[in-house]
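Just structure-v7.txt here, compact mmCIF, C-alpha atoms:
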```txt
# COMPACT_ATOMS: atom_id res chain seq x y z
CA MET A 242 85.51 109.86 83.45
CA LYS A 243 84.47 106.24 83.01
CA TYR A 244 86.25 106.01 79.63
CA LEU A 245 89.39 107.64 80.97
CA GLU A 246 89.45 105.16 83.84
CA ARG A 247 88.95 102.25 81.43
CA PHE A 248 91.75 103.50 79.20
CA ASN A 249 94.07 103.84 82.20
CA THR A 250 93.20 100.34 83.42
CA ALA A 251 93.81 98.85 79.96
CA LEU A 252 97.07 100.76 79.50
CA ASN A 253 98.47 99.76 82.88
CA GLY A 254 97.31 96.17 82.35
CA LEU A 255 99.09 96.04 78.98
CA LEU A 256 102.24 97.49 80.50
CA MET A 257 102.11 94.86 83.26
CA VAL A 258 101.79 92.06 80.68
CA ILE A 259 104.78 93.42 78.76
CA GLY A 260 106.64 93.81 82.05
CA GLY A 261 105.80 90.20 82.92
CA PHE A 262 107.33 88.99 79.66
CA ALA A 263 110.36 91.17 80.38
CA VAL A 264 110.71 89.51 83.81
CA LEU A 265 110.58 86.08 82.18
CA ALA A 266 113.23 87.11 79.66
CA LEU A 267 115.34 88.64 82.43
CA MET A 268 115.15 85.46 84.52
CA THR A 269 115.93 83.30 81.49
CA VAL A 270 119.03 85.34 80.60
CA ALA A 271 120.24 85.45 84.21
CA THR A 272 119.67 81.74 84.80
CA THR A 273 121.26 80.77 81.49
CA ASN A 274 124.27 82.92 82.33
CA VAL A 275 124.66 81.21 85.73
CA VAL A 276 124.51 77.78 84.11
CA LEU A 277 126.97 78.83 81.40
CA ARG A 278 129.35 80.18 84.04
CA MET A 279 129.39 76.74 85.65
CA VAL A 280 130.81 75.33 82.41
CA HIS A 281 133.15 78.34 82.03
CA ALA A 282 131.31 79.86 79.06
CA PRO A 283 129.35 82.85 80.40
CA TYR A 284 127.19 84.98 78.14
CA ARG A 285 129.22 88.18 77.89
CA GLY A 286 126.26 90.57 77.50
CA ALA A 287 124.07 89.16 80.24
CA TYR A 288 124.58 92.11 82.59
CA GLU A 289 123.50 94.61 79.90
CA VAL A 290 120.42 92.64 78.88
CA VAL A 291 119.35 92.11 82.50
CA SER A 292 119.85 95.83 83.21
CA PHE A 293 117.78 96.94 80.21
CA LEU A 294 114.99 94.48 80.95
CA GLY A 295 115.02 95.38 84.65
CA ALA A 296 114.53 99.05 83.80
CA VAL A 297 111.53 98.19 81.62
CA VAL A 298 110.02 95.93 84.30
CA ILE A 299 110.24 98.61 86.97
CA ALA A 300 109.03 101.46 84.76
CA PHE A 301 106.07 99.49 83.42
CA ALA A 302 104.95 98.48 86.91
CA LEU A 303 104.78 102.05 88.27
CA GLY A 304 101.34 103.03 86.96
CA TYR A 305 99.76 99.69 87.86
CA THR A 306 101.18 99.84 91.37
CA GLU A 307 99.86 103.37 91.87
CA LYS A 308 96.45 102.45 90.46
CA HIS A 309 96.11 99.57 92.90
CA LYS A 310 97.64 101.57 95.79
CA GLY A 311 100.41 99.02 96.15
CA ASN A 312 102.89 101.53 97.56
CA ILE A 313 103.65 101.83 101.23
CA VAL A 314 101.71 104.64 102.86
CA VAL A 315 102.75 106.01 106.23
CA ASP A 316 99.77 107.83 107.65
CA ILE A 317 100.42 107.78 111.38
CA LEU A 318 100.07 111.56 111.54
CA THR A 319 97.47 112.18 108.83
CA GLU A 320 95.00 109.53 110.05
CA LYS A 321 94.21 111.90 112.94
CA PHE A 322 93.32 114.75 110.55
CA PRO A 323 89.75 115.52 109.53
CA LYS A 324 88.63 114.00 106.19
CA ILE A 325 88.80 117.33 104.34
CA ALA A 326 92.42 117.88 105.45
CA ARG A 327 93.40 114.33 104.40
CA ASP A 328 91.73 114.79 101.02
CA THR A 329 93.46 118.13 100.55
CA LEU A 330 96.86 116.65 101.37
CA GLU A 331 96.17 113.68 99.11
CA GLY A 332 95.20 116.02 96.26
CA PHE A 333 98.31 118.11 96.82
CA ASN A 334 100.38 114.92 96.71
CA TYR A 335 98.76 113.89 93.41
CA VAL A 336 99.47 117.30 91.87
CA VAL A 337 103.10 117.51 93.00
CA SER A 338 103.85 113.87 92.17
CA GLY A 339 102.09 114.09 88.81
CA ILE A 340 104.02 117.19 87.78
CA PHE A 341 107.27 115.63 88.98
CA PHE A 342 106.76 112.44 86.99
CA VAL A 343 105.72 114.37 83.85
CA PHE A 344 109.03 116.20 84.19
CA VAL A 345 110.92 112.92 84.76
CA SER A 346 109.24 111.34 81.72
CA TRP A 347 110.11 114.34 79.57
CA GLN A 348 113.76 114.39 80.70
CA VAL A 349 114.18 110.63 80.17
CA TYR A 350 112.63 111.06 76.70
CA GLU A 351 115.09 113.89 75.95
CA CYS A 352 117.95 111.64 77.06
CA GLY A 353 116.66 108.88 74.76
CA MET A 354 116.51 111.33 71.85
CA LYS A 355 120.13 112.36 72.43
CA ILE A 356 121.20 108.72 72.55
CA MET A 357 119.27 107.97 69.36
CA GLN A 358 120.62 110.99 67.49
CA SER A 359 124.20 110.26 68.50
CA GLY A 360 123.88 106.62 67.44
CA GLU A 361 125.26 105.48 70.78
CA LEU A 362 125.38 101.71 71.30
CA SER A 363 125.58 99.62 74.44
CA GLU A 364 129.08 98.97 75.71
CA THR A 365 129.34 95.19 75.55
CA LEU A 366 126.83 94.00 72.96
CA LYS A 367 126.94 97.09 70.74
CA ILE A 368 123.15 97.19 70.36
CA VAL A 369 120.92 100.26 70.17
CA TYR A 370 119.41 100.83 73.56
CA HIS A 371 117.42 104.02 73.16
CA PRO A 372 114.16 102.00 72.83
CA PHE A 373 114.65 100.90 76.43
CA VAL A 374 115.11 104.53 77.47
CA PHE A 375 111.91 105.46 75.63
CA ALA A 376 110.11 102.57 77.35
CA VAL A 377 111.18 103.92 80.75
CA SER A 378 109.95 107.38 79.73
CA PHE A 379 106.60 105.87 78.73
CA GLY A 380 106.36 104.08 82.08
CA PHE A 381 106.81 107.37 83.94
CA ALA A 382 104.21 109.01 81.67
CA ALA A 383 101.75 106.22 82.51
CA LEU A 384 102.42 106.82 86.21
CA ALA A 385 101.77 110.56 85.78
CA LEU A 386 98.51 109.82 83.94
CA THR A 387 97.42 107.51 86.76
CA LEU A 388 98.20 110.20 89.35
CA PHE A 389 96.19 112.83 87.45
CA ILE A 390 93.25 110.44 87.08
CA ASP A 391 93.42 109.77 90.83
CA LEU A 392 93.37 113.53 91.38
CA LEU A 393 90.38 113.90 89.10
CA LYS A 394 88.52 111.14 90.96
CA LEU A 395 89.32 112.82 94.27
CA VAL A 396 88.03 116.20 93.04
CA LEU A 397 84.88 114.69 91.52
CA ARG A 398 84.21 112.74 94.71
CA ALA A 399 84.58 115.96 96.73
CA GLU A 400 82.06 117.76 94.47
CA VAL A 401 79.47 115.05 95.06
CA ARG A 402 79.50 115.66 98.82
```

Mind turning this structure into structure tokens?
Amino acid sequence: MKYLERFNTALNGLLMVIGGFAVLALMTVATTNVVLRMVHAPYRGAYEVVSFLGAVVIAFALGYTEKHKGNIVVDILTEKFPKIARDTLEGFNYVVSGIFFVFVSWQVYECGMKIMQSGELSETLKIVYHPFVFAVSFGFAALALTLFIDLLKLVLRAEVR
């Protein structure tokens, strides 16, 4: 379990670093485009590049955010439940969410494969964009892995009691 947790931490950390560089690139492109618009020479593909980079940033942050419990949790009702009921609901949530995001990752991957096989290019810049689709798929897969590791930790913690 310790090695799986270390792998997950390293993977999500790497994805956050890549996402950080994508944010920097996104901000650079957006800022440059604003400045160029002021001199009436906007970068015509800025919207596409910002969109692709934004998708990568969001997808790569999902697993890290889940690992560090950075999502909003509304537990007004469940905080009154006994510990066993809360743990059961939390485990159920991990299972359902994990399966859902495995499915999302798979479907996004399938979409990327179709785009790659068709040779489709982006509308304005005419660049291949299936790598960005695959990156989003990988981000969802990392989130699913994090959810299943959280489930495993919950189950192992319950066995210790």

Contacts of A:Phe344 at 12 Å (all atoms listed in the file; same-chain gap of 6+ positions) as a list in words: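 Within the cut-off, the hits are Val337, Ser338, Tyr350, Glu351, Ser378, Phe379, Phe381, Ala382, Leu384 and Ala385 of chain A.
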
Non-local contacts of A:Ala263 (9 Å; all atoms listed in the file; under 4 positions in same chain excluded) as JSON, numbers by chain: {"A": [258, 259, 267, 268, 294, 295, 297, 298]}

Would you pick out the contacts of stretch 308-317 of chain A at 12 Å or less, using all atoms listed in the file, so that residues sharing its chain but fewer than 2 positions from it are not included, and give the list as a PyMOL selection string? chain A and resi 246-247+249-254+257+302-306+319-322+327+330-331+383-392+394

Please, what distance in Å, to one decimal, runs between atom CA of A:Val290 and atom CA of A:Tyr370?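 If I compute the distance from atom CA of A:Val290 to atom CA of A:Tyr370, I get 9.8 Å.
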
Residues proximal to (111.5, 106.0, 80.3) were defined as those with any atom within 9 Å of that point in the file's coordinates, counting all atoms listed in the file. Which are they, as a ChimeraX atom specification? /A:296-297,300,345-350,353,372-382

For A:Ala271, find every residue with an atom within 9 Å (counting all atoms listed in the file), except residues of its own chain fewer than 4 positions away, and show them as a list in words.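 Skipping anything fewer than 4 positions along the chain leaves Ala266, Leu267, Val275, Val276, Ala287, Tyr288, Val290 and Val291 of chain A.
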
Could you dump the residues just selected with C-alpha atoms as an mmCIF file, in the coordinates of the input?
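Dumped everything to selection33.cif:
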```
data_model
loop_
_atom_site.group_PDB
_atom_site.id
_atom_site.type_symbol
_atom_site.label_atom_id
_atom_site.label_comp_id
_atom_site.auth_asym_id
_atom_site.auth_seq_id
_atom_site.Cartn_x
_atom_site.Cartn_y
_atom_site.Cartn_z
ATOM 1 C CA ALA A 266 113.230 87.110 79.660
ATOM 2 C CA LEU A 267 115.340 88.640 82.430
ATOM 3 C CA VAL A 275 124.660 81.210 85.730
ATOM 4 C CA VAL A 276 124.510 77.780 84.110
ATOM 5 C CA ALA A 287 124.070 89.160 80.240
ATOM 6 C CA TYR A 288 124.580 92.110 82.590
ATOM 7 C CA VAL A 290 120.420 92.640 78.880
ATOM 8 C CA VAL A 291 119.350 92.110 82.500
#
```

Find the residue from A:Thr329, A:Pro283, A:Ile299, A:Tyr244 that sits nearest to A:Gly261; use all atoms listed in the file when measuring.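 Checking each candidate against A:Gly261, we get A:Ile299 as the closest.
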
Please report the interatomic distance between atom CA of A:Ile368 and atom CA of A:Ser292 in Å with one decimal. 13.3 Å

Tell me, in Å to one decimal, how far atom CA of A:Val270 is from atom CA of A:Ala282.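 If I compute the distance from atom CA of A:Val270 to atom CA of A:Ala282, I get 13.5 Å.
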